[in-house]
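*Asks:* After the structure tokens below, expect a handful of questions from me.
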Amino acid sequence: MNVDHIERLEKNIMETICKLEMIFPPSFFDSIEHLLVHLPFEAKVGGLVQYRWMYPFERLDVTVAI
């Protein structure tokens, strides 16, 4: 994970979203596109996904509600 690349992505993401809004109709966009703004910050703070992925721990939690 290259921090310089992530910082460049963080600076360019708003311009990229604006360019996409000029191409696609407004009905194409929903709240998910807004999450792209936060993705570089989360990558810098949290690091690689294998170090914070919760599936192995959730898999070991075998409590079943009946």
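To be explicit about the labels: the chains of the structure tokens are called A, B, and onward in the order shown, and within each one the residues are counted from 1, while ligands get numbers from 1 in the order they are shown.
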Would you mind listing what lies within 7 Å of stretch 32-48 of chain A as JSON, numbers by chain, with only C-alpha atoms counted and same-chain residues fewer than 3 positions away left out?
*Replies:* {"A": [6, 9, 10, 13, 29, 51]}
*Asks:* Those same residues - C-alpha atoms - I'd like them written as a PDB file, in the first residue's frame.
*Replies:*
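File written: again.pdb
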```pdb
ATOM      1  CA  ILE A   6      -3.616   7.042  -1.615  1.00  0.00           C
ATOM      2  CA  LEU A   9      -6.453   9.434  -4.915  1.00  0.00           C
ATOM      3  CA  GLU A  10      -7.877  11.441  -2.016  1.00  0.00           C
ATOM      4  CA  ILE A  13     -11.721  11.634  -6.063  1.00  0.00           C
ATOM      5  CA  PHE A  29     -26.006   7.644  -8.404  1.00  0.00           C
ATOM      6  CA  TYR A  51      -5.406  -6.954   9.279  1.00  0.00           C
TER       7      TYR A  51
END
```
*Asks:* To test your reading of the structure, identify every residue in chain A that backbone DSSP assigns to helix (DSSP H, G or I), and report it as a ChimeraX atom specification.
*Replies:* /A:3-23,26-28,31-46,49-51,55-60
*Asks:* In terms of the shortest atom-to-atom distance over only C-alpha atoms, which of A:Val49, A:Asp61, A:Glu15, A:Glu21 is closest to A:Met1?
*Replies:*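 For A:Met1, the nearest of the candidates is A:Val49.
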